[in-house]
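Shown here: input-v3.cif, mmCIF, C-alpha atoms and all ligand atoms.
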```
data_work
loop_
_atom_site.label_atom_id
_atom_site.label_comp_id
_atom_site.auth_asym_id
_atom_site.auth_seq_id
_atom_site.Cartn_x
_atom_site.Cartn_y
_atom_site.Cartn_z
CA MET A 1 -1.09 -0.81 -0.62
CA ASN A 2 0.47 -2.66 -3.53
CA ALA A 3 1.84 -5.45 -1.36
CA ILE A 4 2.15 -8.74 -3.23
CA ILE A 5 -0.24 -11.33 -1.82
CA THR A 6 0.58 -15.01 -1.52
CA ASP A 7 -1.48 -17.78 -3.23
CA ASN A 8 -2.80 -18.78 0.17
CA GLU A 9 -3.97 -15.24 0.98
CA LYS A 10 -5.51 -14.98 -2.51
CA ALA A 11 -7.46 -18.21 -1.91
CA ILE A 12 -8.78 -16.86 1.40
CA ILE A 13 -9.76 -13.52 -0.21
CA ASP A 14 -11.52 -15.39 -3.07
CA LYS A 15 -13.46 -17.52 -0.61
CA HIS A 16 -14.30 -14.46 1.50
CA ASN A 17 -15.51 -12.64 -1.64
CA ARG A 18 -17.67 -15.56 -2.77
CA ILE A 19 -19.45 -15.59 0.60
CA LEU A 20 -19.80 -11.80 0.64
CA SER A 21 -21.14 -11.80 -2.95
CA THR A 22 -23.75 -14.43 -2.18
CA ILE A 23 -24.96 -12.59 0.91
CA SER A 24 -24.95 -9.24 -0.90
CA HIS A 25 -26.88 -10.64 -3.88
CA ASP A 26 -29.46 -12.14 -1.53
CA LEU A 27 -29.81 -8.83 0.33
CA LYS A 28 -30.09 -6.75 -2.81
CA SER A 29 -33.52 -7.93 -4.04
CA PRO A 30 -35.42 -7.38 -0.76
CA MET A 31 -33.64 -4.02 -0.39
CA ILE A 32 -34.83 -2.94 -3.84
CA ALA A 33 -38.42 -3.84 -2.83
CA LEU A 34 -38.15 -2.09 0.56
CA LEU A 35 -36.73 1.08 -0.97
CA GLY A 36 -39.13 1.07 -3.92
CA PHE A 37 -42.27 0.72 -1.77
CA SER A 38 -40.98 3.22 0.81
CA ARG A 39 -40.48 5.80 -1.94
CA ILE A 40 -44.03 5.21 -3.23
CA LEU A 41 -45.39 5.63 0.32
CA LEU A 42 -43.33 8.81 0.72
CA ARG A 43 -44.85 10.29 -2.44
CA GLU A 44 -48.38 9.36 -1.30
CA ILE A 45 -47.93 10.86 2.19
CA GLU A 46 -46.25 13.96 0.77
CA ALA A 47 -49.21 14.46 -1.57
CA THR A 48 -51.74 14.37 1.27
CA ASN A 49 -49.53 16.72 3.31
CA GLU A 50 -51.18 15.41 6.48
CA ASN A 51 -48.93 13.41 8.73
CA GLN A 52 -45.52 15.00 9.26
CA ARG A 53 -44.54 12.33 11.83
CA TRP A 54 -45.04 9.51 9.31
CA LEU A 55 -43.18 11.51 6.71
CA ASP A 56 -40.17 11.96 9.02
CA MET A 57 -40.12 8.26 9.94
CA LEU A 58 -40.34 7.22 6.33
CA LYS A 59 -37.44 9.51 5.42
CA ILE A 60 -35.32 7.81 8.09
CA ILE A 61 -36.28 4.38 6.71
CA ILE A 62 -35.31 5.48 3.19
CA ASP A 63 -31.99 7.04 4.34
CA SER A 64 -31.03 3.89 6.25
CA GLY A 65 -32.10 1.73 3.30
CA GLU A 66 -29.95 3.79 0.96
CA ASP A 67 -26.93 3.43 3.29
CA MET A 68 -27.46 -0.33 3.36
CA PHE A 69 -27.87 -0.46 -0.42
CA GLY A 70 -24.60 1.49 -0.79
CA LEU A 71 -22.83 -1.06 1.39
CA ILE A 72 -24.18 -3.97 -0.66
CA GLU A 73 -23.10 -2.28 -3.90
CA ASP A 74 -19.61 -1.57 -2.50
CA ILE A 75 -19.13 -5.20 -1.44
CA LEU A 76 -20.29 -6.49 -4.81
CA THR A 77 -18.03 -4.03 -6.62
CA MET A 78 -15.06 -5.04 -4.47
CA ALA A 79 -15.66 -8.75 -5.09
CA LYS A 80 -16.06 -8.17 -8.84
CA MET A 81 -12.95 -6.02 -9.14
CA GLU A 82 -10.78 -8.35 -7.10
CA ALA A 83 -11.91 -11.28 -9.24
CA GLY A 84 -11.02 -9.24 -12.35
CA LYS A 85 -14.67 -9.34 -13.44
CA GLU A 86 -15.24 -5.58 -13.54
CA MET A 87 -14.43 -4.54 -17.09
CA VAL A 88 -12.87 -1.26 -18.13
CA GLU A 89 -14.64 0.00 -21.24
CA PHE A 90 -12.61 2.80 -22.76
CA GLU A 91 -14.34 5.48 -24.79
CA LEU A 92 -13.20 8.82 -26.14
CA ILE A 93 -14.28 11.70 -23.91
CA GLU A 94 -14.29 14.80 -26.08
CA ASP A 95 -15.39 17.21 -23.38
CA LEU A 96 -13.97 16.24 -20.00
CA ALA A 97 -14.88 19.63 -18.50
CA LYS A 98 -18.55 18.92 -19.27
CA GLU A 99 -18.32 15.54 -17.51
CA LEU A 100 -16.88 17.21 -14.39
CA ILE A 101 -19.59 19.88 -14.46
CA GLY A 102 -22.08 16.97 -14.61
CA ILE A 103 -20.70 15.72 -11.28
CA GLU A 104 -21.03 19.21 -9.82
CA LYS A 105 -24.69 19.21 -10.93
CA THR A 106 -25.34 15.75 -9.43
CA PHE A 107 -24.21 16.92 -5.99
CA GLY A 108 -25.35 20.54 -6.38
CA CYS A 109 -28.58 20.17 -4.37
CA GLU A 110 -26.92 18.31 -1.50
CA ALA A 111 -24.12 20.90 -1.36
CA LYS A 112 -26.61 23.75 -1.40
CA ALA A 113 -28.67 22.15 1.37
CA LYS A 114 -25.51 21.87 3.48
CA GLU A 115 -24.42 25.42 2.55
CA ILE A 116 -21.21 24.17 0.99
CA ASP A 117 -19.78 25.81 -2.09
CA LEU A 118 -19.06 23.13 -4.71
CA SER A 119 -17.21 24.19 -7.84
CA VAL A 120 -15.24 22.89 -10.82
CA VAL A 121 -11.96 24.54 -11.85
CA ILE A 122 -10.40 23.73 -15.20
CA LYS A 123 -6.75 24.76 -14.91
CA SER A 124 -5.60 24.18 -18.49
CA HIS A 125 -6.94 23.15 -21.87
CA LEU A 126 -8.07 19.54 -21.48
CA PRO A 127 -7.29 17.01 -24.21
CA VAL A 128 -9.64 14.33 -25.55
CA VAL A 129 -9.10 11.44 -23.14
CA ARG A 130 -9.77 7.72 -23.50
CA TRP A 131 -11.31 6.67 -20.17
CA ASP A 132 -14.16 4.60 -18.82
CA MET A 133 -15.94 7.75 -17.68
CA LYS A 134 -19.06 5.98 -16.41
CA ARG A 135 -17.14 3.75 -13.99
CA LEU A 136 -14.67 6.49 -13.14
CA ARG A 137 -17.56 8.66 -12.07
CA TYR A 138 -19.29 5.85 -10.19
CA HIS A 139 -16.32 4.20 -8.46
CA VAL A 140 -14.07 7.22 -7.95
CA LEU A 141 -15.33 10.76 -8.38
CA ASN A 142 -18.78 10.30 -6.83
CA ASN A 143 -17.20 8.67 -3.80
CA LEU A 144 -14.60 11.42 -3.36
CA VAL A 145 -17.20 14.16 -3.67
CA SER A 146 -19.67 12.40 -1.35
CA ASN A 147 -16.90 11.88 1.23
CA ALA A 148 -16.03 15.57 0.96
CA LEU A 149 -19.70 16.48 1.44
CA LYS A 150 -19.96 14.14 4.42
CA PHE A 151 -17.03 15.72 6.26
CA THR A 152 -17.06 19.39 5.23
CA PRO A 153 -18.95 21.65 7.62
CA SER A 154 -21.40 24.23 6.29
CA GLY A 155 -19.78 27.36 4.95
CA GLY A 156 -16.95 25.21 3.55
CA HIS A 157 -15.74 24.68 -0.02
CA ILE A 158 -15.24 21.65 -2.26
CA VAL A 159 -13.34 22.02 -5.51
CA ILE A 160 -13.06 19.48 -8.30
CA SER A 161 -10.18 20.53 -10.54
CA ALA A 162 -8.52 19.22 -13.67
CA GLU A 163 -5.15 19.99 -15.23
CA ALA A 164 -3.51 18.43 -18.27
CA PHE A 165 0.13 17.42 -18.51
CA GLU A 166 1.99 15.88 -21.43
CA LYS A 167 0.60 12.36 -21.13
CA THR A 168 -1.60 12.55 -18.06
CA VAL A 169 -4.51 14.47 -16.63
CA LEU A 170 -4.52 15.30 -12.93
CA LEU A 171 -7.90 15.47 -11.23
CA LYS A 172 -8.15 16.83 -7.69
CA VAL A 173 -10.95 16.80 -5.16
CA THR A 174 -10.23 19.26 -2.38
CA ASP A 175 -12.31 20.13 0.63
CA THR A 176 -12.09 22.38 3.68
CA GLY A 177 -13.20 19.71 6.16
CA PRO A 178 -11.15 18.34 9.09
CA GLY A 179 -8.79 16.39 6.81
CA ILE A 180 -7.47 12.92 7.55
CA PRO A 181 -5.37 12.39 10.69
CA ALA A 182 -1.79 11.24 10.06
CA GLU A 183 -2.36 7.86 11.73
CA MET A 184 -5.25 7.08 9.36
CA GLN A 185 -3.64 8.23 6.13
CA ASP A 186 -2.03 4.90 5.26
CA LYS A 187 -5.19 2.91 5.99
CA ILE A 188 -7.85 4.71 3.96
CA PHE A 189 -7.09 2.95 0.64
CA LYS A 190 -6.84 -0.49 2.23
CA ARG A 191 -9.32 -3.36 2.02
CA PHE A 192 -11.58 -2.97 5.05
CA GLY A 193 -9.03 -0.49 6.40
CA HIS A 194 -11.92 1.21 8.19
CA THR A 195 -12.16 -1.66 10.68
CA GLU A 196 -8.94 -0.28 12.16
CA MET A 197 -10.34 3.25 12.27
CA CYS A 198 -12.37 4.90 14.93
CA SER A 199 -16.05 4.31 14.08
CA GLU A 200 -16.94 7.89 15.03
CA ARG A 201 -14.83 9.16 12.12
CA THR A 202 -16.32 6.83 9.52
CA LYS A 203 -19.70 8.55 9.87
CA LYS A 204 -21.54 5.30 9.19
CA GLY A 205 -19.61 4.54 5.98
CA ASP A 206 -18.47 1.03 5.13
CA GLY A 207 -14.93 2.14 4.38
CA LEU A 208 -14.79 0.39 1.01
CA GLY A 209 -15.24 3.42 -1.22
CA LEU A 210 -11.59 4.49 -1.38
CA TYR A 211 -10.39 0.89 -1.66
CA ASN A 212 -12.68 0.35 -4.66
CA ALA A 213 -11.58 3.71 -6.10
CA HIS A 214 -7.95 2.61 -5.75
CA LEU A 215 -8.67 -0.75 -7.45
CA PHE A 216 -10.43 0.94 -10.37
CA VAL A 217 -7.83 3.70 -10.89
CA THR A 218 -5.06 1.09 -10.84
CA GLN A 219 -7.02 -0.99 -13.36
CA HIS A 220 -7.14 2.20 -15.45
CA SER A 221 -3.32 2.45 -15.29
CA GLY A 222 -3.56 5.50 -13.07
CA ARG A 223 -2.78 6.46 -9.49
CA ILE A 224 -4.93 7.77 -6.65
CA SER A 225 -3.42 9.27 -3.52
CA LEU A 226 -3.96 11.66 -0.68
CA ASP A 227 -1.92 14.84 -1.04
CA LYS A 228 0.02 14.76 2.21
CA SER A 229 1.62 18.12 1.49
CA VAL A 230 -1.71 19.87 2.07
CA HIS A 231 -2.29 20.36 5.77
CA HIS A 232 -5.79 21.81 5.83
CA GLY A 233 -8.82 19.83 4.68
CA ALA A 234 -8.40 16.78 2.46
CA THR A 235 -7.02 16.78 -1.08
CA PHE A 236 -7.24 13.63 -3.19
CA LEU A 237 -5.22 13.34 -6.41
CA ILE A 238 -6.11 11.13 -9.35
CA GLU A 239 -3.54 10.88 -12.10
CA LEU A 240 -4.72 9.16 -15.27
CA PRO A 241 -3.04 8.58 -18.60
CA VAL A 242 -4.67 10.63 -21.38
CA ASP A 243 -4.90 7.59 -23.63
CA ILE A 244 -3.41 4.40 -22.27
CA LEU A 245 -4.20 2.39 -25.41
CA LYS A 246 -2.32 4.86 -27.62
CA GLN A 247 0.57 5.00 -25.15
CA GLN A 248 0.74 1.19 -25.14
CA GLU A 249 0.73 1.14 -28.94
CA GLU A 250 3.50 3.76 -29.02
CA GLY A 251 5.39 1.82 -26.36
CA GLN A 252 4.99 -1.24 -28.55
CA SER A 253 6.23 0.60 -31.64
CA ASN A 254 9.19 1.96 -29.63
CA ILE A 255 10.06 -1.61 -28.75
CA GLU A 256 9.71 -2.55 -32.44
CA ASP A 257 11.93 0.46 -33.40
CA LYS A 258 14.54 -0.59 -30.86
CA LYS A 259 14.44 -4.15 -32.19
CA ILE A 260 15.02 -2.88 -35.74
CA LYS A 261 17.85 -0.61 -34.54
CA THR A 262 19.43 -3.50 -32.65
CA ILE A 263 19.11 -5.77 -35.70
CA ASN A 264 20.67 -3.04 -37.87
CA ARG A 265 23.50 -2.61 -35.37
CA HIS A 266 24.12 -6.33 -35.43
CA LYS A 267 24.13 -6.16 -39.23
CA LEU A 268 26.67 -3.34 -39.10
CA LEU A 269 28.74 -5.23 -36.59
CA LEU A 270 28.67 -8.27 -38.83
N1 LIG B 301 -12.81 14.12 2.53
C1 LIG B 301 -12.59 13.46 3.66
N2 LIG B 301 -12.41 14.14 4.85
C2 LIG B 301 -12.16 13.49 5.99
N3 LIG B 301 -12.05 12.13 6.11
C3 LIG B 301 -12.23 11.42 4.98
C4 LIG B 301 -12.50 12.03 3.71
N4 LIG B 301 -12.59 11.06 2.78
C5 LIG B 301 -12.42 9.89 3.42
N5 LIG B 301 -12.20 10.10 4.74
C6 LIG B 301 -11.92 9.05 5.76
O1 LIG B 301 -11.58 7.85 5.07
C7 LIG B 301 -12.52 6.81 5.40
C8 LIG B 301 -12.70 5.88 4.24
O2 LIG B 301 -13.45 6.47 3.21
P1 LIG B 301 -14.26 5.54 2.20
O3 LIG B 301 -13.35 4.44 1.79
O4 LIG B 301 -14.86 6.37 1.14
O5 LIG B 301 -15.35 4.87 3.11
P2 LIG B 301 -16.72 5.42 3.70
O6 LIG B 301 -17.06 6.70 3.00
O7 LIG B 301 -17.69 4.34 3.35
O8 LIG B 301 -16.45 5.55 5.17
C9 LIG B 301 -13.76 7.54 5.85
O9 LIG B 301 -14.56 6.76 6.70
C10 LIG B 301 -13.17 8.75 6.59
O10 LIG B 301 -12.78 8.41 7.89
MG MG B 302 -16.99 6.97 0.92
#
```

For this file, write the structure as structure tokens.
Amino acid sequence: MNAIITDNEKAIIDKHNRILSTISHDLKSPMIALLGFSRILLREIEATNENQRWLDMLKIIIDSGEDMFGLIEDILTMAKMEAGKEMVEFELIEDLAKELIGIEKTFGCEAKAKEIDLSVVIKSHLPVVRWDMKRLRYHVLNNLVSNALKFTPSGGHIVISAEAFEKTVLLKVTDTGPGIPAEMQDKIFKRFGHTEMCSERTKKGDGLGLYNAHLFVTQHSGRISLDKSVHHGATFLIELPVDILKQQEEGQSNIEDKKIKTINRHKLLL
């Protein structure tokens, strides 16, 4: 996953990303129009309550459009992150529990419709963290929860949990779905790793969600992984530093301290 790439490979990836970005940008505007007008039509037809067949067809158009839009967004995000153009904007998050409950609310209706129990468990007192919560939610947590919802059968459970350690916070997204087969486990965080996976299992996804999540968490000085010790369902772990800026400053001052100590030792030796 963290293999070092050669300059040649980097040049190919850059070129690949430039082409993908151009195509994705060009697809995005007509998609916005298609989705926008379809939603207006849906509202109009729903209001008249007359033609169920049209309503059903329109819902299929909108669902497919949303899938396509998701793919375009994922490709653009990947290209931006790989080019180092996706910023990380740190802010202090005073109430992390509230943020996680917000995610539960976002997916609450979908979970209810699928008869899946979605909950948030806060395992210890959570500190104030310095994270880019908006992007963390968008690139990481939303994707993990929507994957869990995609694969968990009705009657199942999805838990988002959080636990604080000395300098890190561990977030977990656990589900009671079929889990990830051993032969796929090393591919799911890879760039276009899904092309090597059986299409039946991808359930129409583009397979870039976990790769983008991995890029963003790494950019955030954290780590995302699949908990291979859990053998039922899927459990994803995200470990993030509580405050990477503070830790870097402290690291810096430790270095300064060591320098002073070394200088003093030299003085003593002299
Ligand atoms: N919670 C899960 N349960 C089972 N399989 C999963 C789960 N999350 C991810 N996967 C597998 O990993 C693949 C990659 O996920 P992701 O990168 O989010 O792409 P996508 O959702 O677009 O397919 C999925 O297609 C699926 O096969
Ligand atoms: Mg996904």

Do you have, as CSV, the list of residues of chain A lying at most 6 Å from ligand MG 302 (chain B), each with its nearest atom pair and that distance in Å to one decimal, counting all atoms listed in the file and ordered by chain then number?
```
residue,atom,partner,partner_atom,distance
A:Asn143,CA,B:MG302,MG,5.0
A:Asn147,CA,B:MG302,MG,4.9
A:Gly209,CA,B:MG302,MG,4.5
```

Between A:Ile238, A:Ile60, A:Leu100, A:Ile158, single out the one closest to ligand LIG 301 (chain B), counting only C-alpha atoms and all ligand atoms.
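Of the candidates, the smallest distance to ligand LIG 301 (chain B) is held by A:Ile158.
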
Can you work out which one of A:Lys167, A:Lys112, A:Arg223, A:His214 has the shortest atom-to-atom distance to ligand LIG 301 (chain B), counting all atoms listed in the file?
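Answer, going by the shortest atom-to-atom distance: A:His214.
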
Between A:Gly207, A:Gly251, A:Pro153, A:Gly179, single out the one closest to A:Leu226, counting only C-alpha atoms.
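For A:Leu226, the nearest of the candidates is A:Gly179.
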
Proximity of chain A to ligand LIG 301 (chain B): per-residue shortest pair, 9 Å limit, all atoms listed in the file, as a tab-separated table:
```
residue	atom	partner	partner_atom	distance
A:Gly70	CA	B:LIG301	O7	8.5
A:Leu71	CA	B:LIG301	O7	7.7
A:Asp74	CA	B:LIG301	O7	8.5
A:Asn143	CA	B:LIG301	O4	5.9
A:Leu144	CA	B:LIG301	N4	6.5
A:Val145	CA	B:LIG301	N1	7.6
A:Ser146	CA	B:LIG301	O6	7.6
A:Asn147	CA	B:LIG301	N4	4.7
A:Ala148	CA	B:LIG301	N1	3.9
A:Leu149	CA	B:LIG301	N1	7.4
A:Lys150	CA	B:LIG301	N1	7.4
A:Phe151	CA	B:LIG301	N2	5.1
A:Thr152	CA	B:LIG301	N2	7.0
A:Val173	CA	B:LIG301	N1	8.4
A:Thr174	CA	B:LIG301	N1	7.6
A:Asp175	CA	B:LIG301	N1	6.3
A:Thr176	CA	B:LIG301	N2	8.3
A:Gly177	CA	B:LIG301	N2	5.8
A:Pro178	CA	B:LIG301	C2	5.8
A:Gly179	CA	B:LIG301	C2	4.5
A:Ile180	CA	B:LIG301	N3	4.9
A:Pro181	CA	B:LIG301	N3	8.1
A:Met184	CA	B:LIG301	O1	7.7
A:Gln185	CA	B:LIG301	O1	8.0
A:Lys187	CA	B:LIG301	O1	8.1
A:Ile188	CA	B:LIG301	C8	5.0
A:Phe189	CA	B:LIG301	O3	6.5
A:Lys190	CA	B:LIG301	O3	8.2
A:Arg191	CA	B:LIG301	O3	8.8
A:Phe192	CA	B:LIG301	O3	8.3
A:Gly193	CA	B:LIG301	C8	7.7
A:His194	CA	B:LIG301	C8	6.2
A:Met197	CA	B:LIG301	O10	7.2
A:Cys198	CA	B:LIG301	O10	7.9
A:Ser199	CA	B:LIG301	O9	7.9
A:Glu200	CA	B:LIG301	O10	8.3
A:Arg201	CA	B:LIG301	O10	4.8
A:Thr202	CA	B:LIG301	O9	3.3
A:Lys203	CA	B:LIG301	O9	6.3
A:Lys204	CA	B:LIG301	O8	6.5
A:Gly205	CA	B:LIG301	O7	3.3
A:Asp206	CA	B:LIG301	O7	3.8
A:Gly207	CA	B:LIG301	O5	3.0
A:Leu208	CA	B:LIG301	O3	4.4
A:Gly209	CA	B:LIG301	O3	3.7
A:Leu210	CA	B:LIG301	O3	3.6
A:Tyr211	CA	B:LIG301	O3	5.8
A:Asn212	CA	B:LIG301	O3	7.7
A:Ala213	CA	B:LIG301	O3	8.1
A:Gly233	CA	B:LIG301	N2	6.7
A:Ala234	CA	B:LIG301	N1	5.2
A:Thr235	CA	B:LIG301	N1	7.3
A:Phe236	CA	B:LIG301	N1	8.0
```

Go ahead and save the residues from that selection, with C-alpha atoms, as a short mmCIF file (atom, residue, chain, number, x, y, z; two decimals), keeping the file's coordinate frame.
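Final output, again_26.cif:
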```
data_model
loop_
_atom_site.label_atom_id
_atom_site.label_comp_id
_atom_site.auth_asym_id
_atom_site.auth_seq_id
_atom_site.Cartn_x
_atom_site.Cartn_y
_atom_site.Cartn_z
CA GLY A 70 -24.60 1.49 -0.79
CA LEU A 71 -22.83 -1.06 1.39
CA ASP A 74 -19.61 -1.57 -2.50
CA ASN A 143 -17.20 8.67 -3.80
CA LEU A 144 -14.60 11.42 -3.36
CA VAL A 145 -17.20 14.16 -3.67
CA SER A 146 -19.67 12.40 -1.35
CA ASN A 147 -16.90 11.88 1.23
CA ALA A 148 -16.03 15.57 0.96
CA LEU A 149 -19.70 16.48 1.44
CA LYS A 150 -19.96 14.14 4.42
CA PHE A 151 -17.03 15.72 6.26
CA THR A 152 -17.06 19.39 5.23
CA VAL A 173 -10.95 16.80 -5.16
CA THR A 174 -10.23 19.26 -2.38
CA ASP A 175 -12.31 20.13 0.63
CA THR A 176 -12.09 22.38 3.68
CA GLY A 177 -13.20 19.71 6.16
CA PRO A 178 -11.15 18.34 9.09
CA GLY A 179 -8.79 16.39 6.81
CA ILE A 180 -7.47 12.92 7.55
CA PRO A 181 -5.37 12.39 10.69
CA MET A 184 -5.25 7.08 9.36
CA GLN A 185 -3.64 8.23 6.13
CA LYS A 187 -5.19 2.91 5.99
CA ILE A 188 -7.85 4.71 3.96
CA PHE A 189 -7.09 2.95 0.64
CA LYS A 190 -6.84 -0.49 2.23
CA ARG A 191 -9.32 -3.36 2.02
CA PHE A 192 -11.58 -2.97 5.05
CA GLY A 193 -9.03 -0.49 6.40
CA HIS A 194 -11.92 1.21 8.19
CA MET A 197 -10.34 3.25 12.27
CA CYS A 198 -12.37 4.90 14.93
CA SER A 199 -16.05 4.31 14.08
CA GLU A 200 -16.94 7.89 15.03
CA ARG A 201 -14.83 9.16 12.12
CA THR A 202 -16.32 6.83 9.52
CA LYS A 203 -19.70 8.55 9.87
CA LYS A 204 -21.54 5.30 9.19
CA GLY A 205 -19.61 4.54 5.98
CA ASP A 206 -18.47 1.03 5.13
CA GLY A 207 -14.93 2.14 4.38
CA LEU A 208 -14.79 0.39 1.01
CA GLY A 209 -15.24 3.42 -1.22
CA LEU A 210 -11.59 4.49 -1.38
CA TYR A 211 -10.39 0.89 -1.66
CA ASN A 212 -12.68 0.35 -4.66
CA ALA A 213 -11.58 3.71 -6.10
CA GLY A 233 -8.82 19.83 4.68
CA ALA A 234 -8.40 16.78 2.46
CA THR A 235 -7.02 16.78 -1.08
CA PHE A 236 -7.24 13.63 -3.19
#
```

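Distance-wise, atom CA of A:His25 and atom CA of A:Arg39 end up 21.4 Å apart.
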
Using only C-alpha atoms for the distances, tell me which of A:Glu9, A:Glu91, A:Glu249, A:Glu73 is nearest to A:Ser29.
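Of the candidates, the smallest distance to A:Ser29 is held by A:Glu73.
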
Å distance separating atom CA of A:Arg43 from atom CA of A:Lys28, one decimal place:
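It comes out at 22.5 Å.
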
Report, in Å with one decimal, the straight-line distance from atom CA of A:Gln219 to atom CA of A:Asn8.
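Atom CA of A:Gln219 sits 22.7 Å away from atom CA of A:Asn8.
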
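Across A:Leu42, A:Lys105, A:Gly155, A:Lys123, the tightest approach to A:Asn142 is made by A:Lys105 when counting all atoms listed in the file.
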
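Of the listed residues A:Gln248, A:Ser119, A:Val242, A:Ile72, the one whose atoms come nearest to A:Ile32 is A:Ile72, with distances taken using only C-alpha atoms.
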
For stretch 174-184 of chain A, take all atoms listed in the file, fit an axis-aligned box around them, add 8 Å to each of the six sides, then output centre and edge lengths in Å rounded to one decimal, as AutoDock Vina command-line options.
```
--center_x -7.5 --center_y 14.7 --center_z 4.7 --size_x 27.4 --size_y 31.3 --size_z 30.1
```

Mind listing as a ChimeraX atom specification all residues within 7 Å of (-16.5, -7.0, -1.2), counting only C-alpha atoms?
/A:17,20-21,74-79

Expected file contents, prior selection, C-alpha atoms, as an mmCIF file, in the coordinates of the input:
```cif
data_model
loop_
_atom_site.group_PDB
_atom_site.id
_atom_site.type_symbol
_atom_site.label_atom_id
_atom_site.label_comp_id
_atom_site.auth_asym_id
_atom_site.auth_seq_id
_atom_site.Cartn_x
_atom_site.Cartn_y
_atom_site.Cartn_z
ATOM 1 C CA ASN A 17 -15.510 -12.640 -1.640
ATOM 2 C CA LEU A 20 -19.800 -11.800 0.640
ATOM 3 C CA SER A 21 -21.140 -11.800 -2.950
ATOM 4 C CA ASP A 74 -19.610 -1.570 -2.500
ATOM 5 C CA ILE A 75 -19.130 -5.200 -1.440
ATOM 6 C CA LEU A 76 -20.290 -6.490 -4.810
ATOM 7 C CA THR A 77 -18.030 -4.030 -6.620
ATOM 8 C CA MET A 78 -15.060 -5.040 -4.470
ATOM 9 C CA ALA A 79 -15.660 -8.750 -5.090
#
```

Contacts of A:Leu92 at 8 Å or less, counting all atoms listed in the file, minus same-chain residues fewer than 2 places along, as a list in words?
Phe90, Glu94, Val128, Val129, Arg130 and Trp131 of chain A

Saved selection, atoms kept: C-alpha atoms, as a PDB file, in the frame of the given file:
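The resulting out_2.pdb:
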```pdb
ATOM      1  CA  PHE A  90     -12.610   2.800 -22.760  1.00  0.00           C
ATOM      2  CA  GLU A  94     -14.290  14.800 -26.080  1.00  0.00           C
ATOM      3  CA  VAL A 128      -9.640  14.330 -25.550  1.00  0.00           C
ATOM      4  CA  VAL A 129      -9.100  11.440 -23.140  1.00  0.00           C
ATOM      5  CA  ARG A 130      -9.770   7.720 -23.500  1.00  0.00           C
ATOM      6  CA  TRP A 131     -11.310   6.670 -20.170  1.00  0.00           C
TER       7      TRP A 131
END
```
